[in-house]
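Okay, data17.cif now, which holds mmCIF, C-alpha atoms and all ligand atoms:
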data_entry
loop_
_atom_site.label_atom_id
_atom_site.label_comp_id
_atom_site.auth_asym_id
_atom_site.auth_seq_id
_atom_site.Cartn_x
_atom_site.Cartn_y
_atom_site.Cartn_z
CA GLU A 1 -84.14 123.42 238.29
CA SER A 2 -85.79 122.34 235.04
CA ALA A 3 -88.59 120.63 237.00
CA GLU A 4 -89.13 123.96 238.77
CA ALA A 5 -89.17 125.75 235.41
CA ALA A 6 -91.67 123.27 234.00
CA ARG A 7 -93.88 123.79 237.03
CA ILE A 8 -93.80 127.58 236.72
CA SER A 9 -94.36 127.55 232.96
CA VAL A 10 -97.87 126.12 233.34
CA LEU A 11 -99.03 128.26 236.28
CA PRO A 12 -101.65 130.92 235.44
CA ASN A 13 -100.31 134.38 234.45
CA ARG A 14 -101.55 136.31 237.45
CA THR A 15 -99.89 138.68 239.89
CA LYS A 16 -100.07 138.03 243.62
CA ASP A 17 -103.12 140.29 243.79
CA ASP A 18 -104.73 138.37 240.93
CA VAL A 19 -104.18 140.80 238.04
CA PRO A 20 -103.81 138.89 234.76
CA PHE A 21 -100.82 139.50 232.48
CA GLU A 22 -99.71 138.23 229.10
CA LEU A 23 -96.31 136.69 228.37
CA LEU A 24 -95.05 136.67 224.80
CA ALA A 25 -91.57 136.05 223.41
CA ASN A 26 -88.96 137.83 221.30
CA CYS A 27 -88.01 135.32 218.61
CA TYR A 28 -86.09 134.71 215.38
CA GLY A 29 -87.99 131.80 213.88
CA GLN A 30 -89.60 128.40 214.29
CA GLU A 31 -87.02 126.88 216.65
CA ASP A 32 -86.97 129.49 219.37
CA ILE A 33 -90.75 129.91 219.09
CA GLU A 34 -91.03 126.27 220.12
CA SER A 35 -88.77 126.75 223.15
CA ALA A 36 -90.62 129.94 224.08
CA LEU A 37 -93.93 128.10 224.14
CA GLN A 38 -92.37 125.42 226.30
CA ALA A 39 -91.23 128.10 228.74
CA GLY A 40 -94.79 129.39 229.02
CA ALA A 41 -95.12 132.09 226.35
CA SER A 42 -98.53 132.23 224.71
CA GLY A 43 -97.25 133.71 221.47
CA VAL A 44 -94.63 135.90 219.82
CA GLY A 45 -94.50 139.62 220.68
CA LEU A 46 -91.56 140.28 218.37
CA LEU A 47 -90.48 138.22 215.38
CA ARG A 48 -87.32 139.77 213.92
CA SER A 49 -88.06 139.10 210.28
CA GLY A 50 -84.69 140.41 209.08
CA TYR A 51 -82.91 137.29 210.28
CA MET A 52 -84.52 135.01 207.74
CA MET A 53 -82.30 136.75 205.17
CA LEU A 54 -79.16 135.48 206.88
CA PRO A 55 -77.91 133.29 204.04
CA GLY A 56 -77.25 136.54 202.22
CA ARG A 57 -79.80 136.39 199.49
CA PRO A 58 -83.00 138.31 199.06
CA VAL A 59 -85.88 136.06 199.99
CA ASP A 60 -88.73 136.15 197.49
CA GLU A 61 -92.41 136.36 198.38
CA GLN A 62 -93.02 132.62 198.30
CA GLU A 63 -90.00 131.85 200.52
CA GLN A 64 -91.08 134.50 203.00
CA PHE A 65 -94.64 133.16 202.96
CA VAL A 66 -93.34 129.68 203.84
CA PHE A 67 -91.16 131.11 206.62
CA TYR A 68 -94.03 133.09 208.22
CA GLN A 69 -96.32 130.09 207.92
CA SER A 70 -93.76 127.93 209.74
CA CYS A 71 -93.68 130.49 212.57
CA ILE A 72 -97.48 130.53 212.76
CA ALA A 73 -97.51 126.73 212.95
CA ALA A 74 -94.83 126.74 215.68
CA ALA A 75 -96.88 129.23 217.74
CA LYS A 76 -99.79 126.73 217.84
CA GLY A 77 -102.63 129.24 217.77
CA GLY A 78 -100.73 131.96 219.67
CA VAL A 79 -100.26 135.32 218.01
CA VAL A 80 -97.14 135.97 215.88
CA THR A 81 -96.19 139.67 215.79
CA VAL A 82 -93.80 140.38 212.93
CA ARG A 83 -91.48 143.37 212.80
CA THR A 84 -90.93 144.34 209.17
CA PHE A 85 -87.32 144.51 208.01
CA ASP A 86 -84.92 146.45 210.16
CA PHE A 87 -81.29 145.86 209.26
CA GLY A 88 -79.96 148.61 211.51
CA VAL A 89 -76.36 148.38 212.66
CA ASP A 90 -77.46 147.34 216.13
CA ARG A 91 -79.32 144.31 214.84
CA ALA A 92 -76.59 141.71 215.17
CA MET A 93 -75.92 139.56 212.09
CA ALA A 94 -78.17 141.51 209.78
CA ASP A 95 -75.28 143.29 208.03
CA ILE A 96 -75.59 141.50 204.71
CA HIS A 97 -78.69 143.44 203.75
CA ARG A 98 -77.80 146.67 205.42
CA GLY A 99 -77.79 148.82 202.31
CA LEU A 100 -79.34 152.15 203.25
CA GLU A 101 -79.36 151.41 206.96
CA SER A 102 -75.75 152.18 207.84
CA SER A 103 -76.54 154.91 210.37
CA LYS A 104 -78.59 154.70 213.54
CA LEU A 105 -79.88 158.19 212.81
CA GLY A 106 -80.42 157.77 209.10
CA LEU A 107 -82.70 155.60 207.02
CA ARG A 108 -83.43 152.52 209.04
CA GLY A 109 -86.48 150.36 209.66
CA ILE A 110 -89.63 151.73 208.06
CA ARG A 111 -87.68 154.71 206.67
CA SER A 112 -85.63 152.44 204.47
CA SER A 113 -88.64 150.23 203.64
CA LEU A 114 -90.41 153.32 202.29
CA ARG A 115 -87.41 153.96 200.02
CA GLN A 116 -87.37 150.38 198.77
CA THR A 117 -91.03 149.88 198.07
CA HIS A 118 -90.55 146.76 195.95
CA GLN A 119 -88.86 144.92 198.84
CA PHE A 120 -91.46 146.26 201.28
CA GLU A 121 -94.41 145.18 199.12
CA THR A 122 -92.91 141.73 198.68
CA GLN A 123 -92.74 141.39 202.46
CA ILE A 124 -96.26 142.76 203.06
CA CYS A 125 -97.80 140.49 200.41
CA ALA A 126 -96.11 137.45 201.99
CA LEU A 127 -97.34 138.50 205.44
CA LEU A 128 -100.94 139.13 204.35
CA ARG A 129 -100.99 135.70 202.69
CA ALA A 130 -99.53 133.98 205.77
CA ALA A 131 -102.10 135.73 207.97
CA ALA A 132 -104.81 133.63 206.31
CA HIS A 133 -103.29 130.63 208.13
CA GLY A 134 -103.30 131.85 211.73
CA PRO A 135 -103.17 134.88 214.01
CA LEU A 136 -100.50 137.20 212.65
CA ARG A 137 -99.88 140.90 213.29
CA VAL A 138 -97.47 143.22 211.50
CA MET A 139 -95.60 146.19 212.99
CA PHE A 140 -93.27 148.85 211.63
CA PRO A 141 -89.98 149.70 213.39
CA MET A 142 -88.47 153.19 213.69
CA VAL A 143 -91.74 155.03 213.06
CA THR A 144 -91.17 158.71 213.90
CA ASN A 145 -94.31 160.45 212.71
CA LEU A 146 -97.72 160.06 211.10
CA GLU A 147 -96.36 160.49 207.58
CA ASP A 148 -94.31 157.30 207.99
CA TRP A 149 -97.37 155.46 209.19
CA ASP A 150 -99.75 156.81 206.53
CA GLU A 151 -97.31 156.13 203.72
CA ALA A 152 -96.69 152.57 204.93
CA MET A 153 -100.43 151.93 205.21
CA ARG A 154 -101.01 153.23 201.69
CA LEU A 155 -98.55 150.62 200.48
CA VAL A 156 -100.35 147.99 202.55
CA ALA A 157 -103.63 148.96 200.85
CA HIS A 158 -101.90 148.63 197.49
CA CYS A 159 -100.67 145.13 198.46
CA ARG A 160 -104.21 144.05 199.35
CA GLN A 161 -105.31 145.25 195.92
CA LEU A 162 -102.47 143.36 194.21
CA LEU A 163 -103.35 140.14 196.03
CA ARG A 164 -107.01 140.54 195.10
CA GLU A 165 -106.07 140.95 191.45
CA ARG A 166 -103.85 137.88 191.65
CA GLY A 167 -106.70 135.92 193.25
CA GLU A 168 -104.52 134.97 196.24
CA GLU A 169 -105.87 133.82 199.58
CA PHE A 170 -105.02 136.41 202.26
CA ASP A 171 -106.39 138.03 205.40
CA PRO A 172 -107.61 141.55 204.60
CA ASN A 173 -108.10 142.24 208.33
CA THR A 174 -104.51 141.60 209.43
CA PRO A 175 -103.75 143.99 212.33
CA PHE A 176 -101.03 146.62 211.77
CA GLY A 177 -99.13 148.34 214.56
CA VAL A 178 -96.51 150.92 215.45
CA MET A 179 -93.29 150.06 217.27
CA PHE A 180 -92.29 152.79 219.70
CA GLY A 181 -88.53 153.05 219.55
CA VAL A 182 -88.29 156.80 218.93
CA PRO A 183 -89.44 159.44 221.46
CA SER A 184 -91.23 161.58 218.85
CA ALA A 185 -93.62 158.71 218.19
CA CYS A 186 -94.33 158.26 221.93
CA LEU A 187 -95.08 161.96 222.31
CA THR A 188 -97.76 161.74 219.62
CA ALA A 189 -98.98 158.18 220.24
CA GLU A 190 -102.71 159.02 220.15
CA GLU A 191 -102.43 160.23 216.55
CA PHE A 192 -101.59 156.73 215.33
CA VAL A 193 -104.80 155.37 216.85
CA GLU A 194 -106.75 158.08 215.05
CA HIS A 195 -105.07 156.96 211.82
CA GLY A 196 -106.11 153.33 212.11
CA CYS A 197 -103.28 151.75 214.09
CA ASN A 198 -104.49 148.46 215.61
CA PHE A 199 -101.88 147.87 218.33
CA PHE A 200 -98.75 149.29 219.95
CA VAL A 201 -95.43 147.67 220.83
CA ILE A 202 -92.77 149.53 222.80
CA GLU A 203 -89.24 148.48 221.88
CA THR A 204 -87.14 149.24 224.91
CA ASN A 205 -83.69 148.83 223.36
CA ASP A 206 -84.20 151.42 220.67
CA LEU A 207 -86.29 153.69 222.89
CA THR A 208 -83.56 153.72 225.56
CA GLN A 209 -80.95 154.46 222.92
CA TYR A 210 -82.83 157.29 221.23
CA THR A 211 -84.18 158.84 224.42
CA HIS A 212 -80.81 159.15 226.15
CA ALA A 213 -78.72 159.68 223.00
CA VAL A 214 -76.59 156.69 223.96
CA ASP A 215 -75.38 154.05 221.54
CA ARG A 216 -76.67 150.74 222.85
CA ASP A 217 -73.56 148.96 221.56
CA ILE A 218 -70.94 151.17 223.21
CA SER A 219 -70.29 149.96 226.74
CA ILE A 220 -68.19 152.98 227.64
CA ALA A 221 -71.42 155.01 227.82
CA GLU A 222 -73.25 152.32 229.75
CA ARG A 223 -74.25 154.57 232.64
CA TYR A 224 -76.46 156.56 230.27
CA TYR A 225 -78.24 153.46 229.00
CA ARG A 226 -81.14 153.32 231.47
CA PRO A 227 -84.25 151.48 230.22
CA ALA A 228 -86.32 152.40 233.30
CA SER A 229 -85.19 156.00 233.81
CA HIS A 230 -87.63 158.74 234.75
CA ALA A 231 -87.59 159.92 231.12
CA MET A 232 -88.35 156.43 229.83
CA LYS A 233 -91.21 156.05 232.26
CA LYS A 234 -92.78 159.30 231.09
CA LEU A 235 -92.63 158.19 227.47
CA ILE A 236 -93.88 154.69 228.21
CA ARG A 237 -96.77 156.08 230.24
CA MET A 238 -97.81 158.22 227.26
CA VAL A 239 -97.93 155.19 225.00
CA VAL A 240 -99.84 153.10 227.54
CA GLU A 241 -102.32 155.92 228.10
CA ALA A 242 -102.90 156.44 224.35
CA ALA A 243 -103.49 152.71 223.92
CA ARG A 244 -105.94 152.64 226.80
CA GLU A 245 -107.87 155.64 225.48
CA GLY A 246 -107.87 154.23 221.97
CA GLY A 247 -108.92 150.79 223.18
CA ILE A 248 -106.03 148.98 221.52
CA PRO A 249 -103.52 146.49 223.00
CA VAL A 250 -99.99 147.50 223.99
CA THR A 251 -97.00 145.20 224.58
CA ILE A 252 -93.50 146.03 225.78
CA CYS A 253 -90.55 144.12 224.29
CA GLY A 254 -86.77 144.26 224.15
CA SER A 255 -84.00 142.89 226.32
CA ALA A 256 -84.78 145.25 229.22
CA VAL A 257 -88.01 143.31 229.73
CA GLY A 258 -85.92 140.20 230.43
CA ASN A 259 -84.65 141.86 233.61
CA PRO A 260 -87.33 141.57 236.34
CA ALA A 261 -86.13 144.80 237.99
CA ASN A 262 -87.31 146.67 234.88
CA THR A 263 -90.33 144.50 234.14
CA LEU A 264 -91.81 145.15 237.58
CA GLN A 265 -91.53 148.89 236.98
CA TYR A 266 -93.24 148.52 233.59
CA LEU A 267 -96.02 146.60 235.33
CA GLN A 268 -96.53 149.56 237.67
CA LEU A 269 -96.81 151.88 234.64
CA GLY A 270 -99.88 149.94 233.53
CA LEU A 271 -98.35 147.40 231.15
CA ARG A 272 -99.90 143.93 231.22
CA SER A 273 -98.31 142.38 228.13
CA PHE A 274 -94.60 141.56 228.11
CA SER A 275 -92.48 140.13 225.32
CA VAL A 276 -89.34 138.50 226.66
CA SER A 277 -86.41 136.51 225.26
CA PRO A 278 -87.18 132.79 225.68
CA GLN A 279 -84.29 132.23 228.14
CA ASN A 280 -85.64 134.89 230.52
CA LEU A 281 -89.32 133.90 230.45
CA ILE A 282 -89.38 131.79 233.61
CA GLU A 283 -87.55 134.34 235.74
CA VAL A 284 -89.78 137.17 234.54
CA LYS A 285 -92.91 135.13 235.07
CA LYS A 286 -91.83 134.31 238.60
CA ALA A 287 -91.24 137.98 239.40
CA LEU A 288 -94.61 139.03 237.92
CA MET A 289 -96.45 136.27 239.83
CA ASN A 290 -94.95 137.57 243.08
CA ALA A 291 -95.75 141.22 242.34
CA LYS A 292 -98.60 143.36 243.58
CA ILE A 293 -99.94 146.36 241.69
CA LYS A 294 -99.33 149.50 243.72
C1 LIG B 1 -85.65 146.73 220.68
O1 LIG B 1 -85.09 147.59 220.01
O2 LIG B 1 -86.10 146.97 221.83
C2 LIG B 1 -85.81 145.37 220.18
C3 LIG B 1 -86.60 144.56 220.78
O3 LIG B 1 -85.10 144.99 219.08
P1 LIG B 1 -83.88 143.94 219.09
O4 LIG B 1 -84.08 143.01 220.24
O5 LIG B 1 -83.97 143.25 217.76
O6 LIG B 1 -82.68 144.77 219.24
#
Before we go any further, please render this structure as structure tokens.
Ligand code: PEP
Amino acid sequence: ESAEAARISVLPNRTKDDVPFELLANCYGQEDIESALQAGASGVGLLRSGYMMLPGRPVDEQEQFVFYQSCIAAAKGGVVTVRTFDFGVDRAMADIHRGLESSKLGLRGIRSSLRQTHQFETQICALLRAAAHGPLRVMFPMVTNLEDWDEAMRLVAHCRQLLRERGEEFDPNTPFGVMFGVPSACLTAEEFVEHGCNFFVIETNDLTQYTHAVDRDISIAERYYRPASHAMKKLIRMVVEAAREGGIPVTICGSAVGNPANTLQYLQLGLRSFSVSPQNLIEVKKALMNAKIK
């Protein structure tokens, strides 16, 4: 079986009718980035930055810089897409730093980052510095509207200024993106392009949860948790369309993408970039290679 996996991992990423696709991975850090590359991923579509804080201490800028650099090195020239801190209750193990983020409908993700600007700026400065050492992109989770985006980008501009004053090496052209986990953002996707967004990532776990008003961690409501429902497809199509019109890349991530039954439907909606958990990469790649675009 592992010989079969090794064989598949190096085959070209093309559907049966020769349409190219991109396979990225959802990762936590250096170690699973290495296994993702071995399984055929060309980079990281989601790096869950919150998990580096696991020991239970705030990580300072230099420590974060070293961590991001180690991820860039592990990705060997492939892109590393970092989700800024999101300690929401459904992010397993991230409870130590939860703070403001105790409710799924309250201040989580970028909402809490915008309330804790010192922590946010520390993270952005570390990311901009790491980006000087390889292809790195940064995205904000739980964006609901343009104000979130504009406010976050004002802080990013401030960080660039700080780094300039400090004389630090950094990449001023680091791409910044929106994560689509909330329907209101999907419904207005084109506005983010107009306001300078460089790329889109759809996070299927959160988007399923917030679209169907179903807690992703409560199995009793499982029948409402449908990542490829008609409603989800409408929202996903809007994001894909806005990306296409704006000429920016769009990736879909989250555990739903690890299930080929969903991934094939996302392919038919126009998606060509998939970010998958390392253990599901081979199976998903096999399904995509055998698919034809309708
Ligand atoms: C998501 O919400 O779709 C997602 C990818 O985040 P996580 O896997 O960290 O829950």
Quiz prompt | Within-8 Å residues of ligand LIG 1 (chain B), basis all atoms listed in the file, as a VMD selection string | solution = chain A and resid 26 46 48 90 to 92 181 202 to 207 253 to 256
Quiz item: When you draw a straight line from CA of Met52 in chain A to CA of Gly177 in chain A, how long is it in Å?
Solution: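 Here the two named atoms are 20.9 Å from each other.
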Quiz item: Given the choices A:Thr15, A:Ala126, A:Glu147, A:Leu136, which gets closest to Leu114 in chain A if the distance is worked out from only C-alpha atoms?
Solution: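 Comparing A:Thr15, A:Ala126, A:Glu147, A:Leu136 against Leu114 in chain A, the winner is A:Glu147.
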Quiz prompt | Top pick for closest residue to Leu267 in chain A, considering A:Leu163, A:Ile8, A:Val156, A:Val19 and counting only C-alpha atoms | solution =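 For Leu267 in chain A, the nearest of the candidates is A:Val19.
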Practice problem: Give me, please, the distance in Å between CA of Ile252 in chain A and CA of Val201 in chain A, quoted to one decimal. | Solution: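 Value for the CA of Ile252 in chain A-CA of Val201 in chain A distance: 5.6 Å.
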Exercise. Return the single residue from A:Asn13, A:Thr211, A:Ser113, A:Ser70 that is closest to Asp32 in chain A, with distances computed using only C-alpha atoms.
Key: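 Closest to Asp32 in chain A of all the choices is A:Ser70.
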Quiz item: How many Å lie between CA of Leu128 in chain A and CA of Val66 in chain A, rounded to one decimal?
Solution: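 Taking CA of Leu128 in chain A as the start and CA of Val66 in chain A as the end point, the length is 12.1 Å.
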Env of Gly196 in chain A: 10 Å cut, atoms = only C-alpha atoms, seq-sep filter 2 positions within chain, self excluded. Answer as an mmCIF file with C-alpha atoms, in the frame of the given file.
data_model
loop_
_atom_site.group_PDB
_atom_site.id
_atom_site.type_symbol
_atom_site.label_atom_id
_atom_site.label_comp_id
_atom_site.auth_asym_id
_atom_site.auth_seq_id
_atom_site.Cartn_x
_atom_site.Cartn_y
_atom_site.Cartn_z
ATOM 1 C CA TRP A 149 -97.370 155.460 209.190
ATOM 2 C CA ASP A 150 -99.750 156.810 206.530
ATOM 3 C CA MET A 153 -100.430 151.930 205.210
ATOM 4 C CA PRO A 175 -103.750 143.990 212.330
ATOM 5 C CA PHE A 176 -101.030 146.620 211.770
ATOM 6 C CA GLY A 177 -99.130 148.340 214.560
ATOM 7 C CA GLU A 191 -102.430 160.230 216.550
ATOM 8 C CA PHE A 192 -101.590 156.730 215.330
ATOM 9 C CA VAL A 193 -104.800 155.370 216.850
ATOM 10 C CA GLU A 194 -106.750 158.080 215.050
ATOM 11 C CA ASN A 198 -104.490 148.460 215.610
ATOM 12 C CA PHE A 199 -101.880 147.870 218.330
#
Skip Gln38 in chain A itself and residues of its chain fewer than 4 positions away, then list as a short mmCIF file (atom, residue, chain, number, x, y, z; two decimals) with C-alpha atoms, in the coordinates of the input all residues within 9 Å of it, counting only C-alpha atoms.
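And here is the file that came out, out.cif:
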data_model
loop_
_atom_site.label_atom_id
_atom_site.label_comp_id
_atom_site.auth_asym_id
_atom_site.auth_seq_id
_atom_site.Cartn_x
_atom_site.Cartn_y
_atom_site.Cartn_z
CA ALA A 6 -91.67 123.27 234.00
CA SER A 9 -94.36 127.55 232.96
CA VAL A 10 -97.87 126.12 233.34
CA ILE A 33 -90.75 129.91 219.09
CA GLU A 34 -91.03 126.27 220.12
#
Taking N, CA and C atoms as the atom set, what does range 28-49 of chain A look like once completed, written as a PDB file, in the frame of the given file?
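Saved the output as rebuild-v4.pdb:
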ATOM      1  N   TYR A  28     -86.715 134.615 216.702  1.00  0.00           N
ATOM      2  CA  TYR A  28     -86.090 134.710 215.380  1.00  0.00           C
ATOM      3  C   TYR A  28     -86.762 133.799 214.353  1.00  0.00           C
ATOM      4  N   GLY A  29     -87.400 132.745 214.826  1.00  0.00           N
ATOM      5  CA  GLY A  29     -87.990 131.800 213.880  1.00  0.00           C
ATOM      6  C   GLY A  29     -88.543 130.585 214.616  1.00  0.00           C
ATOM      7  N   GLN A  30     -88.927 129.602 213.807  1.00  0.00           N
ATOM      8  CA  GLN A  30     -89.600 128.400 214.290  1.00  0.00           C
ATOM      9  C   GLN A  30     -88.987 127.785 215.554  1.00  0.00           C
ATOM     10  N   GLU A  31     -87.647 127.628 215.555  1.00  0.00           N
ATOM     11  CA  GLU A  31     -87.020 126.880 216.650  1.00  0.00           C
ATOM     12  C   GLU A  31     -87.167 127.565 218.004  1.00  0.00           C
ATOM     13  N   ASP A  32     -86.857 128.852 218.050  1.00  0.00           N
ATOM     14  CA  ASP A  32     -86.970 129.490 219.370  1.00  0.00           C
ATOM     15  C   ASP A  32     -88.423 129.809 219.725  1.00  0.00           C
ATOM     16  N   ILE A  33     -89.327 129.787 218.755  1.00  0.00           N
ATOM     17  CA  ILE A  33     -90.750 129.910 219.090  1.00  0.00           C
ATOM     18  C   ILE A  33     -91.174 128.665 219.868  1.00  0.00           C
ATOM     19  N   GLU A  34     -90.694 127.506 219.413  1.00  0.00           N
ATOM     20  CA  GLU A  34     -91.030 126.270 220.120  1.00  0.00           C
ATOM     21  C   GLU A  34     -90.518 126.288 221.558  1.00  0.00           C
ATOM     22  N   SER A  35     -89.268 126.723 221.761  1.00  0.00           N
ATOM     23  CA  SER A  35     -88.770 126.750 223.150  1.00  0.00           C
ATOM     24  C   SER A  35     -89.482 127.811 223.978  1.00  0.00           C
ATOM     25  N   ALA A  36     -89.889 128.909 223.341  1.00  0.00           N
ATOM     26  CA  ALA A  36     -90.620 129.940 224.080  1.00  0.00           C
ATOM     27  C   ALA A  36     -91.965 129.413 224.573  1.00  0.00           C
ATOM     28  N   LEU A  37     -92.645 128.666 223.725  1.00  0.00           N
ATOM     29  CA  LEU A  37     -93.930 128.100 224.140  1.00  0.00           C
ATOM     30  C   LEU A  37     -93.749 127.124 225.300  1.00  0.00           C
ATOM     31  N   GLN A  38     -92.663 126.363 225.219  1.00  0.00           N
ATOM     32  CA  GLN A  38     -92.370 125.420 226.300  1.00  0.00           C
ATOM     33  C   GLN A  38     -92.126 126.146 227.622  1.00  0.00           C
ATOM     34  N   ALA A  39     -91.528 127.336 227.526  1.00  0.00           N
ATOM     35  CA  ALA A  39     -91.230 128.100 228.740  1.00  0.00           C
ATOM     36  C   ALA A  39     -92.434 128.907 229.213  1.00  0.00           C
ATOM     37  N   GLY A  40     -93.569 128.775 228.530  1.00  0.00           N
ATOM     38  CA  GLY A  40     -94.790 129.390 229.020  1.00  0.00           C
ATOM     39  C   GLY A  40     -95.291 130.596 228.243  1.00  0.00           C
ATOM     40  N   ALA A  41     -94.612 130.969 227.155  1.00  0.00           N
ATOM     41  CA  ALA A  41     -95.120 132.090 226.350  1.00  0.00           C
ATOM     42  C   ALA A  41     -96.378 131.640 225.619  1.00  0.00           C
ATOM     43  N   SER A  42     -97.312 132.588 225.423  1.00  0.00           N
ATOM     44  CA  SER A  42     -98.530 132.230 224.710  1.00  0.00           C
ATOM     45  C   SER A  42     -98.468 132.651 223.249  1.00  0.00           C
ATOM     46  N   GLY A  43     -97.389 133.286 222.856  1.00  0.00           N
ATOM     47  CA  GLY A  43     -97.250 133.710 221.470  1.00  0.00           C
ATOM     48  C   GLY A  43     -95.967 134.493 221.295  1.00  0.00           C
ATOM     49  N   VAL A  44     -95.846 135.158 220.149  1.00  0.00           N
ATOM     50  CA  VAL A  44     -94.630 135.900 219.820  1.00  0.00           C
ATOM     51  C   VAL A  44     -94.955 137.397 219.784  1.00  0.00           C
ATOM     52  N   GLY A  45     -94.281 138.173 220.641  1.00  0.00           N
ATOM     53  CA  GLY A  45     -94.500 139.620 220.680  1.00  0.00           C
ATOM     54  C   GLY A  45     -93.576 140.363 219.738  1.00  0.00           C
ATOM     55  N   LEU A  46     -92.504 139.693 219.327  1.00  0.00           N
ATOM     56  CA  LEU A  46     -91.560 140.280 218.370  1.00  0.00           C
ATOM     57  C   LEU A  46     -90.900 139.170 217.571  1.00  0.00           C
ATOM     58  N   LEU A  47     -91.217 139.104 216.284  1.00  0.00           N
ATOM     59  CA  LEU A  47     -90.480 138.220 215.380  1.00  0.00           C
ATOM     60  C   LEU A  47     -89.598 139.115 214.514  1.00  0.00           C
ATOM     61  N   ARG A  48     -88.276 138.916 214.645  1.00  0.00           N
ATOM     62  CA  ARG A  48     -87.320 139.770 213.920  1.00  0.00           C
ATOM     63  C   ARG A  48     -87.156 139.225 212.510  1.00  0.00           C
ATOM     64  N   SER A  49     -88.002 139.719 211.616  1.00  0.00           N
ATOM     65  CA  SER A  49     -88.060 139.100 210.280  1.00  0.00           C
ATOM     66  C   SER A  49     -86.750 139.214 209.516  1.00  0.00           C
TER      67      SER A  49
END
